[in-house]
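Raw contents of entry-v8.pdb, PDB, C-alpha atoms:
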```pdb
ATOM      1  CA  MET A   1     -21.533 -69.717  23.026
ATOM      2  CA  ALA A   2     -20.225 -72.543  20.883
ATOM      3  CA  ASN A   3     -19.718 -70.237  17.925
ATOM      4  CA  GLU A   4     -17.915 -67.774  20.059
ATOM      5  CA  THR A   5     -15.207 -70.264  20.891
ATOM      6  CA  GLN A   6     -14.846 -71.660  17.415
ATOM      7  CA  SER A   7     -14.823 -68.667  15.139
ATOM      8  CA  ARG A   8     -11.740 -66.892  16.381
ATOM      9  CA  ASP A   9      -8.191 -67.845  15.557
ATOM     10  CA  MET A  10      -6.187 -69.680  18.091
ATOM     11  CA  GLN A  11      -3.532 -67.595  19.761
ATOM     12  CA  VAL A  12      -0.033 -68.660  20.582
ATOM     13  CA  ARG A  13       0.137 -69.411  24.223
ATOM     14  CA  GLY A  14       3.258 -70.719  25.812
ATOM     15  CA  LYS A  15       3.062 -73.042  28.733
ATOM     16  CA  GLN A  16       2.611 -71.540  32.141
ATOM     17  CA  ASP A  17       5.394 -72.263  34.553
ATOM     18  CA  VAL A  18       4.472 -73.043  38.141
ATOM     19  CA  SER A  19       5.926 -71.006  40.917
ATOM     20  CA  GLY A  20       4.377 -73.322  43.449
ATOM     21  CA  ALA A  21       4.402 -73.484  47.190
ATOM     22  CA  ALA A  22       6.193 -76.802  47.300
ATOM     23  CA  GLU A  23       9.342 -77.329  45.320
ATOM     24  CA  GLN A  24       9.961 -80.450  43.339
ATOM     25  CA  THR A  25      12.561 -82.898  44.494
ATOM     26  CA  ARG A  26      13.625 -83.588  40.943
ATOM     27  CA  PRO A  27      14.929 -80.864  38.692
ATOM     28  CA  GLY A  28      13.020 -79.892  35.582
ATOM     29  CA  PRO A  29      10.277 -77.524  34.541
ATOM     30  CA  VAL A  30       6.793 -77.773  36.028
ATOM     31  CA  PHE A  31       3.767 -76.488  34.131
ATOM     32  CA  THR A  32       0.243 -75.551  35.075
ATOM     33  CA  PRO A  33      -2.188 -77.294  32.767
ATOM     34  CA  PRO A  34      -5.037 -75.057  31.547
ATOM     35  CA  VAL A  35      -8.394 -76.305  32.841
ATOM     36  CA  ASP A  36     -12.086 -75.889  32.206
ATOM     37  CA  ILE A  37     -14.407 -76.453  35.148
ATOM     38  CA  CYS A  38     -18.151 -76.645  34.772
ATOM     39  CA  GLU A  39     -20.921 -77.610  37.148
ATOM     40  CA  ASP A  40     -24.428 -78.943  36.713
ATOM     41  CA  GLU A  41     -26.894 -80.447  39.150
ATOM     42  CA  ASN A  42     -25.192 -83.849  39.199
ATOM     43  CA  GLY A  43     -21.632 -82.832  39.688
ATOM     44  CA  ILE A  44     -18.569 -80.955  38.631
ATOM     45  CA  LYS A  45     -16.592 -81.713  35.485
ATOM     46  CA  LEU A  46     -12.957 -80.757  35.160
ATOM     47  CA  MET A  47     -10.994 -80.928  31.925
ATOM     48  CA  ALA A  48      -7.254 -80.350  31.841
ATOM     49  CA  ASP A  49      -4.896 -80.206  28.853
ATOM     50  CA  MET A  50      -1.945 -82.474  29.449
ATOM     51  CA  PRO A  51      -0.434 -83.258  26.040
ATOM     52  CA  GLY A  52       2.128 -86.026  26.002
ATOM     53  CA  VAL A  53       1.027 -87.682  29.241
ATOM     54  CA  LYS A  54       0.329 -91.409  29.052
ATOM     55  CA  PRO A  55      -2.502 -92.806  31.179
ATOM     56  CA  ASP A  56      -0.012 -94.643  33.403
ATOM     57  CA  ASP A  57       1.916 -91.476  34.165
ATOM     58  CA  VAL A  58      -0.947 -89.447  35.519
ATOM     59  CA  ASN A  59      -1.478 -89.250  39.247
ATOM     60  CA  ILE A  60      -4.693 -88.001  40.815
ATOM     61  CA  ASP A  61      -4.793 -87.672  44.539
ATOM     62  CA  VAL A  62      -7.550 -86.562  46.902
ATOM     63  CA  ARG A  63      -6.552 -85.797  50.446
ATOM     64  CA  GLU A  64      -8.238 -83.567  52.985
ATOM     65  CA  ASN A  65     -10.391 -81.844  50.386
ATOM     66  CA  THR A  66      -7.417 -81.117  48.144
ATOM     67  CA  LEU A  67      -7.383 -82.554  44.653
ATOM     68  CA  THR A  68      -3.919 -82.858  43.161
ATOM     69  CA  LEU A  69      -3.303 -83.495  39.483
ATOM     70  CA  ALA A  70       0.161 -84.504  38.382
ATOM     71  CA  GLY A  71       1.288 -85.803  35.018
ATOM     72  CA  LYS A  72       4.736 -86.739  33.846
ATOM     73  CA  VAL A  73       5.908 -86.337  30.267
ATOM     74  CA  LYS A  74       8.705 -88.556  29.109
ATOM     75  CA  PRO A  75      11.354 -87.040  26.827
ATOM     76  CA  PHE A  76       9.986 -87.234  23.314
ATOM     77  CA  GLU A  77      13.121 -87.569  21.324
ATOM     78  CA  GLY A  78      15.248 -90.558  20.619
ATOM     79  CA  ALA A  79      18.888 -90.528  21.620
ATOM     80  CA  GLU A  80      20.124 -90.192  18.048
ATOM     81  CA  GLU A  81      18.240 -86.962  17.371
ATOM     82  CA  THR A  82      19.717 -83.513  17.521
ATOM     83  CA  ASP A  83      17.651 -80.420  18.239
ATOM     84  CA  LEU A  84      17.146 -77.933  15.442
ATOM     85  CA  MET A  85      14.435 -75.706  16.831
ATOM     86  CA  ILE A  86      12.895 -76.031  20.272
ATOM     87  CA  GLU A  87       9.878 -73.878  21.036
ATOM     88  CA  TYR A  88       8.257 -75.744  23.887
ATOM     89  CA  ASP A  89       9.631 -77.489  26.911
ATOM     90  CA  ILE A  90       8.308 -80.616  28.483
ATOM     91  CA  GLY A  91       8.198 -81.554  32.118
ATOM     92  CA  LEU A  92       5.728 -82.177  34.870
ATOM     93  CA  TYR A  93       2.148 -80.935  34.884
ATOM     94  CA  TYR A  94       0.999 -80.061  38.366
ATOM     95  CA  ARG A  95      -2.061 -78.354  39.751
ATOM     96  CA  GLN A  96      -4.066 -78.413  42.951
ATOM     97  CA  PHE A  97      -7.690 -77.582  43.659
ATOM     98  CA  THR A  98      -9.684 -77.365  46.845
ATOM     99  CA  LEU A  99     -12.781 -79.501  46.630
ATOM    100  CA  PRO A 100     -16.054 -78.186  47.941
ATOM    101  CA  GLU A 101     -17.792 -80.159  50.685
ATOM    102  CA  LEU A 102     -20.524 -81.365  48.382
ATOM    103  CA  VAL A 103     -18.326 -83.623  46.243
ATOM    104  CA  ASP A 104     -18.546 -87.343  46.878
ATOM    105  CA  GLN A 105     -14.859 -88.095  47.041
ATOM    106  CA  GLU A 106     -15.319 -91.872  46.734
ATOM    107  CA  LYS A 107     -16.895 -91.638  43.309
ATOM    108  CA  ILE A 108     -14.474 -89.460  41.385
ATOM    109  CA  ASP A 109     -13.994 -90.718  37.856
ATOM    110  CA  ALA A 110     -11.021 -89.909  35.636
ATOM    111  CA  GLN A 111     -10.348 -90.428  31.956
ATOM    112  CA  LEU A 112      -7.376 -89.439  29.834
ATOM    113  CA  LYS A 113      -7.918 -89.203  26.107
ATOM    114  CA  ASP A 114      -5.817 -87.480  23.426
ATOM    115  CA  GLY A 115      -3.916 -85.577  26.078
ATOM    116  CA  VAL A 116      -7.026 -84.221  27.778
ATOM    117  CA  LEU A 117      -7.767 -85.362  31.310
ATOM    118  CA  THR A 118     -11.462 -85.378  32.190
ATOM    119  CA  LEU A 119     -12.486 -85.707  35.823
ATOM    120  CA  VAL A 120     -16.089 -86.172  36.859
ATOM    121  CA  LEU A 121     -16.721 -85.241  40.454
ATOM    122  CA  PRO A 122     -20.260 -86.297  41.406
ATOM    123  CA  LYS A 123     -22.114 -84.446  44.097
ATOM    124  CA  ALA A 124     -22.897 -86.307  47.286
ATOM    125  CA  GLU A 125     -26.479 -87.413  47.781
ATOM    126  CA  ALA A 126     -26.781 -85.064  50.709
ATOM    127  CA  ALA A 127     -25.947 -82.118  48.484
ATOM    128  CA  LYS A 128     -28.528 -82.903  45.826
ATOM    129  CA  PRO A 129     -31.901 -81.228  46.130
ATOM    130  CA  LYS A 130     -34.459 -83.596  47.608
ATOM    131  CA  LYS A 131     -38.148 -83.439  47.271
ATOM    132  CA  ILE A 132     -40.087 -83.924  50.460
ATOM    133  CA  GLU A 133     -43.434 -85.522  50.141
ATOM    134  CA  ILE A 134     -46.295 -84.548  52.328
ATOM    135  CA  LYS A 135     -48.358 -87.449  53.535
ATOM    136  CA  SER A 136     -52.003 -86.915  53.613
ATOM    137  CA  GLY A 137     -54.209 -88.334  56.269
TER     138      GLY A 137
ATOM    139  CA  MET B   1       2.693 -55.866  12.540
ATOM    140  CA  PHE B   2       5.318 -55.003  15.041
ATOM    141  CA  THR B   3       2.840 -54.430  17.844
ATOM    142  CA  ARG B   4       0.964 -57.595  17.040
ATOM    143  CA  GLY B   5       4.063 -59.729  17.193
ATOM    144  CA  PHE B   6       5.213 -57.957  20.268
ATOM    145  CA  PHE B   7       2.109 -58.276  22.386
ATOM    146  CA  ASP B   8       1.192 -61.776  21.357
ATOM    147  CA  PHE B   9       4.650 -62.960  22.167
ATOM    148  CA  PRO B  10       4.216 -66.260  23.945
ATOM    149  CA  ASP B  11       5.429 -66.765  27.448
ATOM    150  CA  LEU B  12       8.263 -69.245  27.254
ATOM    151  CA  GLY B  13       8.753 -69.348  30.982
ATOM    152  CA  TRP B  14       9.963 -67.036  33.673
ATOM    153  CA  ARG B  15      12.701 -68.994  35.234
ATOM    154  CA  SER B  16      14.818 -65.994  36.000
ATOM    155  CA  PRO B  17      14.488 -62.310  35.215
ATOM    156  CA  PHE B  18      17.798 -62.436  33.378
ATOM    157  CA  GLU B  19      16.544 -65.123  31.083
ATOM    158  CA  GLU B  20      13.703 -62.798  30.193
ATOM    159  CA  MET B  21      16.252 -60.050  29.503
ATOM    160  CA  ASP B  22      18.178 -62.449  27.286
ATOM    161  CA  ARG B  23      15.068 -63.227  25.352
ATOM    162  CA  MET B  24      14.306 -59.550  24.942
ATOM    163  CA  ARG B  25      17.808 -58.961  23.640
ATOM    164  CA  ARG B  26      17.493 -61.799  21.141
ATOM    165  CA  TYR B  27      14.203 -60.369  19.982
ATOM    166  CA  ILE B  28      15.665 -56.925  19.485
ATOM    167  CA  ASP B  29      18.674 -58.441  17.730
ATOM    168  CA  GLN B  30      16.316 -60.217  15.429
ATOM    169  CA  LEU B  31      14.513 -56.994  14.612
ATOM    170  CA  MET B  32      17.838 -55.409  13.799
ATOM    171  CA  GLY B  33      18.687 -58.324  11.541
ATOM    172  CA  GLN B  34      21.510 -59.603  13.663
ATOM    173  CA  ALA B  35      19.792 -62.696  14.962
ATOM    174  CA  GLU B  36      21.863 -65.458  16.399
ATOM    175  CA  SER B  37      21.666 -68.441  14.112
ATOM    176  CA  GLY B  38      19.470 -71.297  15.220
ATOM    177  CA  TYR B  39      17.005 -69.183  17.145
ATOM    178  CA  ALA B  40      13.535 -69.081  15.680
ATOM    179  CA  LEU B  41      10.938 -66.757  17.038
ATOM    180  CA  PRO B  42       7.356 -67.909  17.486
ATOM    181  CA  ARG B  43       4.922 -65.371  16.070
ATOM    182  CA  ALA B  44       1.285 -64.513  16.501
ATOM    183  CA  GLY B  45      -1.272 -66.611  14.708
ATOM    184  CA  VAL B  46       1.130 -69.461  14.202
ATOM    185  CA  PHE B  47      -0.033 -71.805  16.906
ATOM    186  CA  PRO B  48       1.043 -74.511  17.687
ATOM    187  CA  LEU B  49       4.584 -74.299  18.951
ATOM    188  CA  ILE B  50       6.776 -76.831  17.217
ATOM    189  CA  ASN B  51       9.857 -78.733  18.248
ATOM    190  CA  LEU B  52      12.010 -79.784  15.323
ATOM    191  CA  THR B  53      14.710 -82.389  15.640
ATOM    192  CA  GLU B  54      16.906 -84.156  13.167
ATOM    193  CA  SER B  55      18.212 -87.689  12.935
ATOM    194  CA  LYS B  56      20.438 -89.161  10.265
ATOM    195  CA  GLU B  57      17.470 -90.306   8.236
ATOM    196  CA  ALA B  58      14.759 -87.755   8.882
ATOM    197  CA  TYR B  59      13.513 -84.491  10.299
ATOM    198  CA  ILE B  60      11.058 -84.971  13.112
ATOM    199  CA  LEU B  61       8.468 -82.373  13.903
ATOM    200  CA  ARG B  62       6.438 -82.437  17.100
ATOM    201  CA  ALA B  63       3.570 -80.267  18.224
ATOM    202  CA  GLU B  64       1.338 -80.400  21.269
ATOM    203  CA  LEU B  65      -2.298 -80.551  20.216
ATOM    204  CA  PRO B  66      -4.359 -81.853  23.134
ATOM    205  CA  GLY B  67      -7.905 -82.860  22.276
ATOM    206  CA  VAL B  68      -7.461 -82.387  18.539
ATOM    207  CA  LYS B  69      -8.748 -85.248  16.434
ATOM    208  CA  ALA B  70      -6.783 -86.555  13.464
ATOM    209  CA  GLY B  71      -9.670 -85.681  11.155
ATOM    210  CA  ASP B  72      -9.459 -82.004  12.066
ATOM    211  CA  LEU B  73      -5.816 -81.751  11.049
ATOM    212  CA  ASP B  74      -4.444 -80.990   7.628
ATOM    213  CA  ILE B  75      -0.770 -81.518   6.862
ATOM    214  CA  GLN B  76       0.637 -80.427   3.514
ATOM    215  CA  ALA B  77       4.113 -80.658   2.076
ATOM    216  CA  THR B  78       5.267 -78.429  -0.770
ATOM    217  CA  GLY B  79       8.907 -78.290  -1.716
ATOM    218  CA  ARG B  80      10.751 -77.993   1.584
ATOM    219  CA  ASN B  81       7.762 -76.539   3.408
ATOM    220  CA  ILE B  82       5.455 -78.329   5.772
ATOM    221  CA  THR B  83       2.132 -76.727   6.647
ATOM    222  CA  ILE B  84       0.104 -77.895   9.599
ATOM    223  CA  SER B  85      -3.371 -76.465   9.908
ATOM    224  CA  GLY B  86      -6.455 -77.510  11.755
ATOM    225  CA  GLU B  87      -9.056 -76.658  14.239
ATOM    226  CA  ARG B  88      -9.459 -77.388  17.878
ATOM    227  CA  LYS B  89     -13.036 -77.828  18.993
ATOM    228  CA  ILE B  90     -14.194 -77.785  22.567
ATOM    229  CA  GLU B  91     -17.775 -78.770  23.184
ATOM    230  CA  THR B  92     -19.691 -76.465  25.440
ATOM    231  CA  ASP B  93     -22.174 -77.974  27.826
ATOM    232  CA  GLN B  94     -25.156 -75.659  27.573
ATOM    233  CA  ASN B  95     -26.757 -76.838  30.801
ATOM    234  CA  ALA B  96     -23.719 -76.373  32.978
ATOM    235  CA  THR B  97     -22.297 -73.303  34.635
ATOM    236  CA  TYR B  98     -18.674 -72.636  33.824
ATOM    237  CA  HIS B  99     -16.370 -71.689  36.674
ATOM    238  CA  ARG B 100     -13.161 -71.629  34.683
ATOM    239  CA  ARG B 101     -12.414 -71.519  30.982
ATOM    240  CA  GLU B 102      -8.717 -71.581  30.373
ATOM    241  CA  ARG B 103      -8.508 -73.981  27.447
ATOM    242  CA  SER B 104      -8.673 -72.215  24.134
ATOM    243  CA  ALA B 105     -10.218 -73.450  20.930
ATOM    244  CA  GLY B 106     -10.106 -72.175  17.393
ATOM    245  CA  SER B 107      -8.375 -72.684  14.103
ATOM    246  CA  PHE B 108      -4.663 -72.494  13.525
ATOM    247  CA  SER B 109      -2.123 -72.784  10.771
ATOM    248  CA  ARG B 110       1.608 -72.953  10.747
ATOM    249  CA  ALA B 111       4.147 -73.270   7.988
ATOM    250  CA  LEU B 112       7.709 -74.350   8.448
ATOM    251  CA  THR B 113      10.643 -74.557   6.055
ATOM    252  CA  LEU B 114      12.933 -77.484   6.655
ATOM    253  CA  PRO B 115      16.669 -76.944   6.344
ATOM    254  CA  GLY B 116      17.277 -79.629   3.704
ATOM    255  CA  GLU B 117      15.755 -81.533   0.817
ATOM    256  CA  ILE B 118      13.002 -83.951   1.788
ATOM    257  CA  ASP B 119      11.366 -87.056   0.417
ATOM    258  CA  ARG B 120       7.759 -85.952   0.219
ATOM    259  CA  ASP B 121       6.321 -89.374  -0.594
ATOM    260  CA  LYS B 122       7.413 -90.984   2.629
ATOM    261  CA  ILE B 123       6.191 -88.486   5.212
ATOM    262  CA  GLU B 124       4.466 -90.130   8.143
ATOM    263  CA  ALA B 125       2.333 -88.471  10.781
ATOM    264  CA  SER B 126       0.873 -89.811  14.004
ATOM    265  CA  LEU B 127      -1.202 -88.307  16.756
ATOM    266  CA  LYS B 128      -0.826 -89.894  20.172
ATOM    267  CA  ASP B 129      -1.665 -88.616  23.648
ATOM    268  CA  GLY B 130      -2.268 -85.164  22.213
ATOM    269  CA  VAL B 131       1.138 -84.894  20.568
ATOM    270  CA  LEU B 132       1.463 -84.763  16.798
ATOM    271  CA  THR B 133       4.634 -86.324  15.421
ATOM    272  CA  VAL B 134       5.500 -85.830  11.761
ATOM    273  CA  SER B 135       8.458 -87.764  10.465
ATOM    274  CA  VAL B 136       9.863 -86.283   7.261
ATOM    275  CA  PRO B 137      12.545 -88.461   5.630
ATOM    276  CA  LYS B 138      15.470 -86.670   4.066
ATOM    277  CA  SER B 139      15.948 -87.136   0.371
ATOM    278  CA  GLU B 140      18.810 -89.342  -0.760
ATOM    279  CA  LYS B 141      20.742 -86.264  -1.840
ATOM    280  CA  ALA B 142      20.495 -84.617   1.568
ATOM    281  CA  LYS B 143      21.553 -87.652   3.591
ATOM    282  CA  ALA B 144      25.068 -87.721   4.893
ATOM    283  CA  LYS B 145      27.203 -90.247   3.072
ATOM    284  CA  GLN B 146      30.020 -92.075   4.689
ATOM    285  CA  ILE B 147      33.167 -91.920   2.598
ATOM    286  CA  GLU B 148      35.547 -94.756   2.897
ATOM    287  CA  ILE B 149      39.243 -94.164   2.923
ATOM    288  CA  LYS B 150      41.192 -96.512   0.734
ATOM    289  CA  SER B 151      44.393 -97.729   2.187
TER     290      SER B 151
END
```
Write-out of the structure in structure tokens:
Amino acid sequence: MANETQSRDMQVRGKQDVSGAAEQTRPGPVFTPPVDICEDENGIKLMADMPGVKPDDVNIDVRENTLTLAGKVKPFEGAEETDLMIEYDIGLYYRQFTLPELVDQEKIDAQLKDGVLTLVLPKAEAAKPKKIEIKSG
Amino acid sequence: MFTRGFFDFPDLGWRSPFEEMDRMRRYIDQLMGQAESGYALPRAGVFPLINLTESKEAYILRAELPGVKAGDLDIQATGRNITISGERKIETDQNATYHRRERSAGSFSRALTLPGEIDRDKIEASLKDGVLTVSVPKSEKAKAKQIEIKS
């Protein structure tokens, strides 16, 4: 599996624009960050690519089983620079997920490193498999 | 080559259908050799997309490379060309079940010719928050010189 992802050449992929349900109050492009989601017995891990977002500018919100990720990118260029060739836009990253019942919403952990946001969503104790002991006697 | 470039054409955003038509027209113009100046077309196999800006002192090149470590990047300067190549690795958790896999990994390479002479010894590169910034100072010859008017 690991070889499969590493051997091929990376393809050009432009950013995906959001055509979301709710419109933004501020003008500017909004992008959907690409995510990986994987699950093991302890919880769910979510990784999202948000290049250019500083840890202070990321906003993670859990409300009524909806997880909202939002990240702001500040303009990269200084005022004295003129554009020669612009291939990518910057703006807001925004994406929502519905959380399953089994996630312990109090214990969600987030980390932003090198433009990749990693969220660890642990499963609630009630959702973990429990062994029931049989008492003898 | 045509089909490859055509189908791997990156999505630069669908803000309006007319914008898409405009882009199509520019692409066709480019094929016919009548490209508007200042419009560069991203091509297949040339990830990442690059934004190039210019200040009085330097050319500044930026590319979005989330999760790429500085050690996996290779930046070369020859003449007026800058080549950025590297590899993006994503670790796979063997014990976990994947529900979504949208992030892509792999190797990439991209070469770019800068519009003017550069000072190759003073190129600086930094990688912060997943954005690579390469600052390429212009050579003394290429810098604009203020000419004073004698009264």
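The space between CA of Leu65 (chain B) and CA of Gly91 (chain A) spans 15.9 Å.
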Quiz item: From the list A:Glu41, A:Arg95, A:Ile108, A:Asp114, which residue is nearest chain B when using all atoms listed in the file?
Solution: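 Looking at the shortest contact to chain B, the residue is A:Asp114.
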Exercise. Could you state which residues are captured by the PyMOL selection byres ((chain A and resi 75) around 12) in this file, as an MDAnalysis selection string?
Key: (chainID A and resid 28 52:53 72:74 76:79 81 89:92) or (chainID B and resid 62)
So that I have them on file, write out the residues from the current selection with C-alpha atoms, as a short mmCIF file (atom, residue, chain, number, x, y, z; two decimals), keeping the file's coordinate frame.
```
data_model
loop_
_atom_site.label_atom_id
_atom_site.label_comp_id
_atom_site.auth_asym_id
_atom_site.auth_seq_id
_atom_site.Cartn_x
_atom_site.Cartn_y
_atom_site.Cartn_z
CA GLY A 28 13.02 -79.89 35.58
CA GLY A 52 2.13 -86.03 26.00
CA VAL A 53 1.03 -87.68 29.24
CA LYS A 72 4.74 -86.74 33.85
CA VAL A 73 5.91 -86.34 30.27
CA LYS A 74 8.70 -88.56 29.11
CA PHE A 76 9.99 -87.23 23.31
CA GLU A 77 13.12 -87.57 21.32
CA GLY A 78 15.25 -90.56 20.62
CA ALA A 79 18.89 -90.53 21.62
CA GLU A 81 18.24 -86.96 17.37
CA ASP A 89 9.63 -77.49 26.91
CA ILE A 90 8.31 -80.62 28.48
CA GLY A 91 8.20 -81.55 32.12
CA LEU A 92 5.73 -82.18 34.87
CA ARG B 62 6.44 -82.44 17.10
#
```
Quiz prompt | Length of the CA of Thr68 (chain A) to CA of Ala63 (chain B) vector [Å] | solution =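 Calculated distance between CA of Thr68 (chain A) and CA of Ala63 (chain B) is 26.2 Å.
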Exercise. Pick out the closest residue to Pro33 (chain A) from this set: B:Arg26, B:Arg103, B:Lys141, B:Arg80. Count only C-alpha atoms.
Key: B:Arg103
Practice problem: Please provide as an MDAnalysis selection string all residues within 12 Å of Leu112 (chain A), with the sequence filter that same-chain residues fewer than 2 positions apart are discarded (counting only C-alpha atoms). | Solution: (chainID A and resid 46:60 71 109:110 114:120) or (chainID B and resid 66:67 128:130)
Exercise. Spell out the residues picked by the PyMOL selection byres ((chain A and resi 85-87) around 6) here, as a PyMOL selection string.
Key: (chain A and resi 83-84+88) or (chain B and resi 49-52)
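Shortest atom-to-atom contact with chain A among B:Arg88, B:Lys56, B:Arg25, B:Arg101: B:Arg101, counting only C-alpha atoms.
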Quiz item: Excluding same-chain residues fewer than 5 positions from Leu127 (chain B), what lies within 9 Å of it counting only C-alpha atoms, as a list in words?
Solution: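 What passes the distance filter is Asp114 of chain A; Leu65, Val68, Lys69, Ala70, Leu132, Thr133 and Val134 of chain B.
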Practice problem: Can you turn the PyMOL selection byres ((chain B and resi 116) around 8) into a concrete residue list for this file, as an MDAnalysis selection string? | Solution: chainID B and resid 80 114:115 117:118 138 142
Self-check item: Residue nearest Ala105 (chain B) among B:Gly79, B:Asp93, B:Glu87, B:Leu31 (counting all atoms listed in the file)
Solution: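 Using all atoms listed in the file, Ala105 (chain B) sits closest to B:Glu87.
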Practice problem: May I ask for the distance between CA of Thr98 (chain A) and CA of Leu69 (chain A), given in Å to one decimal place? | Solution: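 Going from CA of Thr98 (chain A) over to CA of Leu69 (chain A) covers 11.5 Å.
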Skip Ser135 (chain B) itself and residues of its chain fewer than 2 positions away, then list as an mmCIF file with C-alpha atoms, in the frame of the given file all residues within 9 Å of it, counting all atoms listed in the file.
```cif
data_model
loop_
_atom_site.group_PDB
_atom_site.id
_atom_site.type_symbol
_atom_site.label_atom_id
_atom_site.label_comp_id
_atom_site.auth_asym_id
_atom_site.auth_seq_id
_atom_site.Cartn_x
_atom_site.Cartn_y
_atom_site.Cartn_z
ATOM 1 C CA ALA B 58 14.759 -87.755 8.882
ATOM 2 C CA TYR B 59 13.513 -84.491 10.299
ATOM 3 C CA ILE B 60 11.058 -84.971 13.112
ATOM 4 C CA LEU B 61 8.468 -82.373 13.903
ATOM 5 C CA ARG B 62 6.438 -82.437 17.100
ATOM 6 C CA LYS B 122 7.413 -90.984 2.629
ATOM 7 C CA ILE B 123 6.191 -88.486 5.212
ATOM 8 C CA GLU B 124 4.466 -90.130 8.143
ATOM 9 C CA ALA B 125 2.333 -88.471 10.781
ATOM 10 C CA SER B 126 0.873 -89.811 14.004
ATOM 11 C CA THR B 133 4.634 -86.324 15.421
ATOM 12 C CA PRO B 137 12.545 -88.461 5.630
#
```
Quiz prompt | Best match for closeness to chain A among B:Thr92, B:Tyr27, B:Glu20, B:Gly71, counting all atoms listed in the file | solution = B:Thr92
